Amino acid sequence: MIDTTLQQLVKEEKKRQKEGIELIPSENFASKSVRSYLSTEFVNKYSEGYPGKRYYGGNEVADKVEILAQERAKKLFGVPFVNVQPYSGSPANLAVYLAVCKPGDSIMGQGLTAGGHLTHGHNVSATGIFYVSHQYGVDPTKSDLFDYEAILKLALEHKPKLIWVGATAHPLIFNYKKFSEIAKKVGAVLAADISHISGLIVGGVHPSPVEHVHIVTTTTHKTLRGPRGAMIMVTKKGLDAYPDLPDRINKAVFPGLQGGPHDNQTAAIAAALEEASTKQFTTYAKQIVKNSVALADELKKQGMTLVGGTSQNHLILVDLTNTMGAGAGIFFQRALDLAGLTLNKNTVPGEKSSPFYPSGVRLGTPAATSRGMKEKDMKKIGKFMGDILAIIKDYRLPTGEKEVRLKLLKEFNAFIATNKGIKKIRNEVRVMAKRFPLP
Ligand code: DSN
């Protein structure tokens, strides 16, 4: 049966991806080969359990696939244990809590508005509901944004069972050693969430946490350029300190949180891990960072304020508080979207507005780099962004009544929809994007 409705939607999404430039730092383009494994016969199989210990029959081939993914991950990241079954990053992180903590235990993670992830203990997440979460922030006066003395003080006060290091909106390199010293002082399990940067780590352009932490989690679809999915690893340090950790993690993933693993996803993860072990991938990872630095430099030239002052990885966080006021992220995101430049509004350290109306935008270079864009293309994107900011710069988000805010946003939508400058940039972005085929 040909589902014309669905086929049309796929066509539309392909066109959107092709004619725009993807700057959301957590998105990427998986290779055709990786995507092909998602639609193999493994879609049809149920495999609750682990290789050699399944609940259903017919798993002899699925076992080989899962073992292949495990072996490739262990080699690539240099760890003795991995679970490749988590459906995605949030369930992977929740499995870590289930393996390490009891409900009500104290945990610590980087706050959401400071760049951390919901699953690092935010109060709307299960991780902040079932566990007592104490969040640390960032300090813009510190060279790497972290006030380690303040984090240690918080840890000494609350004695967390689990500490997270890692983020979704952090433009600088992490000093895992410093976090490990804090975790050691309070006897906490230290987990690094490297979802955003795992491709940079295996590509050798960001330090690895493996030597310093007990557990590492990562999604597989961001800089690692695999299918959607996630992995939980136990390091040698983790195994030495807690020999039963692999078993606890396996039990937390299944049967603790999940049912059957998605074998097609596991196959695609195995394929992505093989790609990530090549020289070409190392070159790719290097180019992501070069592009991010080039884009950050251009955005600064265009008068934008960057959290951390630069980018040392794949990601840039623009703080609009001093240029367009608190809550301005929505204006910039919408105007850029209309021009074919996709990024996301994002909270900034010291956020004066809210996560729904944050004061910044977050962007990054993994996807554009996968299409073959280089530094000079980043300069062009930065210039487009500067021109668009100049067009919308007088808008301010009204505080107070919701109706007033919605009315203003409606007016803004009408303004950007008819603005000639934005239309012109949209055409230029389309022409530029078409020069770089989708992988
Ligand atoms: N949605 C992911 C990101 O954009 O960073 C995190 O879950």
# chains A, B, ... in the order shown; residues from 1 in each chain; ligands from 1
$ residues_near_ligand --ligand "ligand 1" --cutoff "12 Å" --atoms "only C-alpha atoms and all ligand atoms" --output "ChimeraX atom specification"
/A:23-28,88-93,112,115-120,125,166-170,193-197,218-223,228-230,314-315,343-346,361-364
$ residues_around --residues "Gln70 of chain A" --least-positions-apart "6" --cutoff "8 Å" --atoms "only C-alpha atoms" --output "list in words"
Phe81, Val82, Asn83, Val84 and Ala270 of chain A
$ residues_around --residues "Val165 of chain A" --least-positions-apart "3" --cutoff "7 Å" --atoms "only C-alpha atoms" --output "list in words"
Gly109, Ala191, Ala192 and Asp193 of chain A
$ residues_around --residues "Gly52 of chain A" --least-positions-apart "5" --cutoff "12 Å" --atoms "only C-alpha atoms" --output "VMD selection string"
chain A and resid 47 57 to 64 66 to 67
$ residues_around --residues "Lys142 of chain A" --least-positions-apart "4" --cutoff "12 Å" --atoms "only C-alpha atoms" --output "PDB file with N, CA and C atoms, in the first residue's frame"
ATOM      1  N   GLY A 137      24.800  25.788  39.810  1.00  0.00           N
ATOM      2  CA  GLY A 137      24.671  26.686  38.666  1.00  0.00           C
ATOM      3  C   GLY A 137      26.014  26.936  38.007  1.00  0.00           C
ATOM      4  N   VAL A 138      26.076  27.969  37.210  1.00  0.00           N
ATOM      5  CA  VAL A 138      27.365  28.391  36.650  1.00  0.00           C
ATOM      6  C   VAL A 138      27.632  29.819  37.099  1.00  0.00           C
ATOM      7  N   PHE A 146      32.500  27.286  36.044  1.00  0.00           N
ATOM      8  CA  PHE A 146      32.136  26.557  37.259  1.00  0.00           C
ATOM      9  C   PHE A 146      32.856  27.103  38.486  1.00  0.00           C
ATOM     10  N   ASP A 147      32.094  27.288  39.553  1.00  0.00           N
ATOM     11  CA  ASP A 147      32.656  27.659  40.843  1.00  0.00           C
ATOM     12  C   ASP A 147      32.771  26.358  41.655  1.00  0.00           C
ATOM     13  N   TYR A 148      33.942  25.728  41.579  1.00  0.00           N
ATOM     14  CA  TYR A 148      34.097  24.402  42.189  1.00  0.00           C
ATOM     15  C   TYR A 148      33.956  24.443  43.715  1.00  0.00           C
ATOM     16  N   GLU A 149      34.340  25.572  44.308  1.00  0.00           N
ATOM     17  CA  GLU A 149      34.191  25.673  45.774  1.00  0.00           C
ATOM     18  C   GLU A 149      32.723  25.658  46.159  1.00  0.00           C
ATOM     19  N   ALA A 150      31.911  26.383  45.381  1.00  0.00           N
ATOM     20  CA  ALA A 150      30.461  26.420  45.667  1.00  0.00           C
ATOM     21  C   ALA A 150      29.842  25.036  45.451  1.00  0.00           C
ATOM     22  N   LEU A 172      31.640  25.353  26.823  1.00  0.00           N
ATOM     23  CA  LEU A 172      33.061  25.174  27.167  1.00  0.00           C
ATOM     24  C   LEU A 172      33.382  23.718  27.514  1.00  0.00           C
ATOM     25  N   VAL A 307      27.602  33.343  26.027  1.00  0.00           N
ATOM     26  CA  VAL A 307      27.862  32.778  27.348  1.00  0.00           C
ATOM     27  C   VAL A 307      29.232  32.087  27.285  1.00  0.00           C
ATOM     28  N   GLY A 308      30.084  32.369  28.260  1.00  0.00           N
ATOM     29  CA  GLY A 308      31.427  31.801  28.253  1.00  0.00           C
ATOM     30  C   GLY A 308      32.361  32.541  27.312  1.00  0.00           C
ATOM     31  N   GLY A 309      31.834  33.505  26.583  1.00  0.00           N
ATOM     32  CA  GLY A 309      32.662  34.362  25.723  1.00  0.00           C
ATOM     33  C   GLY A 309      33.090  33.742  24.403  1.00  0.00           C
TER      34      GLY A 309
END
$ select_by_dssp --residues "segment 153-313 of chain A" --states "alpha helix (DSSP H)" --output "MDAnalysis selection string"
chainID A and resid 153:158 176:186 198:202 236:241 245:251 263:276 279:301
$ write_last_selection --atoms "C-alpha atoms" --output "PDB file, in the first residue's frame"
ATOM      1  CA  LYS A 153      30.017  23.264  49.540  1.00  0.00           C
ATOM      2  CA  LEU A 154      26.649  22.121  48.151  1.00  0.00           C
ATOM      3  CA  ALA A 155      27.890  18.529  48.027  1.00  0.00           C
ATOM      4  CA  LEU A 156      29.189  18.628  51.597  1.00  0.00           C
ATOM      5  CA  GLU A 157      25.899  20.060  52.768  1.00  0.00           C
ATOM      6  CA  HIS A 158      23.633  17.525  51.037  1.00  0.00           C
ATOM      7  CA  TYR A 176      36.069  16.107  34.833  1.00  0.00           C
ATOM      8  CA  LYS A 177      38.949  15.804  37.299  1.00  0.00           C
ATOM      9  CA  LYS A 178      37.599  18.674  39.394  1.00  0.00           C
ATOM     10  CA  PHE A 179      34.171  17.042  39.563  1.00  0.00           C
ATOM     11  CA  SER A 180      35.748  13.707  40.505  1.00  0.00           C
ATOM     12  CA  GLU A 181      37.555  15.344  43.432  1.00  0.00           C
ATOM     13  CA  ILE A 182      34.234  16.713  44.698  1.00  0.00           C
ATOM     14  CA  ALA A 183      32.458  13.355  44.263  1.00  0.00           C
ATOM     15  CA  LYS A 184      35.289  11.594  46.095  1.00  0.00           C
ATOM     16  CA  LYS A 185      35.048  13.955  49.069  1.00  0.00           C
ATOM     17  CA  VAL A 186      31.384  13.065  49.617  1.00  0.00           C
ATOM     18  CA  SER A 198      30.413  12.034  22.612  1.00  0.00           C
ATOM     19  CA  GLY A 199      31.356  12.486  18.938  1.00  0.00           C
ATOM     20  CA  LEU A 200      33.877  15.138  19.925  1.00  0.00           C
ATOM     21  CA  ILE A 201      35.340  12.836  22.580  1.00  0.00           C
ATOM     22  CA  VAL A 202      35.843   9.883  20.245  1.00  0.00           C
ATOM     23  CA  LYS A 236      37.165   0.828  35.015  1.00  0.00           C
ATOM     24  CA  LYS A 237      37.074   3.269  37.915  1.00  0.00           C
ATOM     25  CA  GLY A 238      33.357   2.559  38.319  1.00  0.00           C
ATOM     26  CA  LEU A 239      33.866  -1.192  38.152  1.00  0.00           C
ATOM     27  CA  ASP A 240      36.710  -1.106  40.684  1.00  0.00           C
ATOM     28  CA  ALA A 241      34.673   0.985  43.124  1.00  0.00           C
ATOM     29  CA  LEU A 245      27.388  -1.672  38.913  1.00  0.00           C
ATOM     30  CA  PRO A 246      27.035  -3.355  35.464  1.00  0.00           C
ATOM     31  CA  ASP A 247      24.510  -5.786  36.883  1.00  0.00           C
ATOM     32  CA  ARG A 248      22.583  -2.988  38.596  1.00  0.00           C
ATOM     33  CA  ILE A 249      22.520  -0.993  35.377  1.00  0.00           C
ATOM     34  CA  ASN A 250      21.375  -3.932  33.292  1.00  0.00           C
ATOM     35  CA  LYS A 251      18.569  -4.647  35.765  1.00  0.00           C
ATOM     36  CA  ASP A 263      16.987  -4.303  17.797  1.00  0.00           C
ATOM     37  CA  ASN A 264      16.872  -2.247  14.599  1.00  0.00           C
ATOM     38  CA  GLN A 265      18.150   0.711  16.614  1.00  0.00           C
ATOM     39  CA  THR A 266      20.884  -1.457  18.141  1.00  0.00           C
ATOM     40  CA  ALA A 267      21.985  -2.480  14.626  1.00  0.00           C
ATOM     41  CA  ALA A 268      22.116   1.150  13.539  1.00  0.00           C
ATOM     42  CA  ILE A 269      24.084   2.069  16.684  1.00  0.00           C
ATOM     43  CA  ALA A 270      26.611  -0.653  15.815  1.00  0.00           C
ATOM     44  CA  ALA A 271      26.938   0.843  12.319  1.00  0.00           C
ATOM     45  CA  ALA A 272      27.390   4.367  13.689  1.00  0.00           C
ATOM     46  CA  LEU A 273      30.063   3.217  16.134  1.00  0.00           C
ATOM     47  CA  GLU A 274      32.016   1.680  13.272  1.00  0.00           C
ATOM     48  CA  GLU A 275      31.784   4.964  11.323  1.00  0.00           C
ATOM     49  CA  ALA A 276      32.862   6.904  14.413  1.00  0.00           C
ATOM     50  CA  LYS A 279      39.881   8.697  10.398  1.00  0.00           C
ATOM     51  CA  GLN A 280      37.190  10.568   8.449  1.00  0.00           C
ATOM     52  CA  PHE A 281      35.171  10.873  11.632  1.00  0.00           C
ATOM     53  CA  THR A 282      38.134  12.389  13.488  1.00  0.00           C
ATOM     54  CA  THR A 283      38.443  14.954  10.693  1.00  0.00           C
ATOM     55  CA  TYR A 284      34.712  15.597  10.969  1.00  0.00           C
ATOM     56  CA  ALA A 285      34.894  16.128  14.756  1.00  0.00           C
ATOM     57  CA  LYS A 286      37.788  18.576  14.339  1.00  0.00           C
ATOM     58  CA  GLN A 287      35.832  20.504  11.730  1.00  0.00           C
ATOM     59  CA  ILE A 288      32.770  20.749  14.029  1.00  0.00           C
ATOM     60  CA  VAL A 289      34.876  22.633  16.574  1.00  0.00           C
ATOM     61  CA  LYS A 290      36.670  24.782  13.968  1.00  0.00           C
ATOM     62  CA  ASN A 291      33.272  25.735  12.571  1.00  0.00           C
ATOM     63  CA  SER A 292      31.870  26.512  15.988  1.00  0.00           C
ATOM     64  CA  VAL A 293      34.801  28.787  16.831  1.00  0.00           C
ATOM     65  CA  ALA A 294      34.454  30.557  13.467  1.00  0.00           C
ATOM     66  CA  LEU A 295      30.724  31.043  13.963  1.00  0.00           C
ATOM     67  CA  ALA A 296      31.232  32.269  17.543  1.00  0.00           C
ATOM     68  CA  ASP A 297      33.821  34.801  16.328  1.00  0.00           C
ATOM     69  CA  GLU A 298      31.458  36.118  13.661  1.00  0.00           C
ATOM     70  CA  LEU A 299      28.527  36.383  16.085  1.00  0.00           C
ATOM     71  CA  LYS A 300      30.717  38.421  18.436  1.00  0.00           C
ATOM     72  CA  LYS A 301      31.688  40.623  15.496  1.00  0.00           C
TER      73      LYS A 301
END
$ atom_distance --atom1 "atom CA of Ala328 of chain A" --atom2 "atom CA of Met304 of chain A"
12.9 Å
$ select_by_dssp --residues "segment 198-397 of chain A" --states "strand (DSSP E)" --output "ChimeraX atom specification"
/A:215-219,230-234,305-306,315-319,341-342,344-346,360-364
$ residues_around --residues "segment 394-400 of chain A" --least-positions-apart "2" --cutoff "12 Å" --atoms "only C-alpha atoms" --output "VMD selection string"
chain A and resid 320 to 332 335 352 to 354 357 to 359 388 to 392 402 to 413 415 to 416
$ closest_residue --among "A:Ala188, A:Leu76, A:Val348, A:Met1" --to "Asp139 of chain A" --atoms "only C-alpha atoms"
A:Val348
$ closest_residue --among "A:Pro261, A:Pro227, A:Asn313, A:Lys15" --to "Ser33 of chain A" --atoms "only C-alpha atoms"
A:Pro227
$ atom_distance --atom1 "atom CA of Phe42 of chain A" --atom2 "atom CA of Gln258 of chain A"
17.7 Å
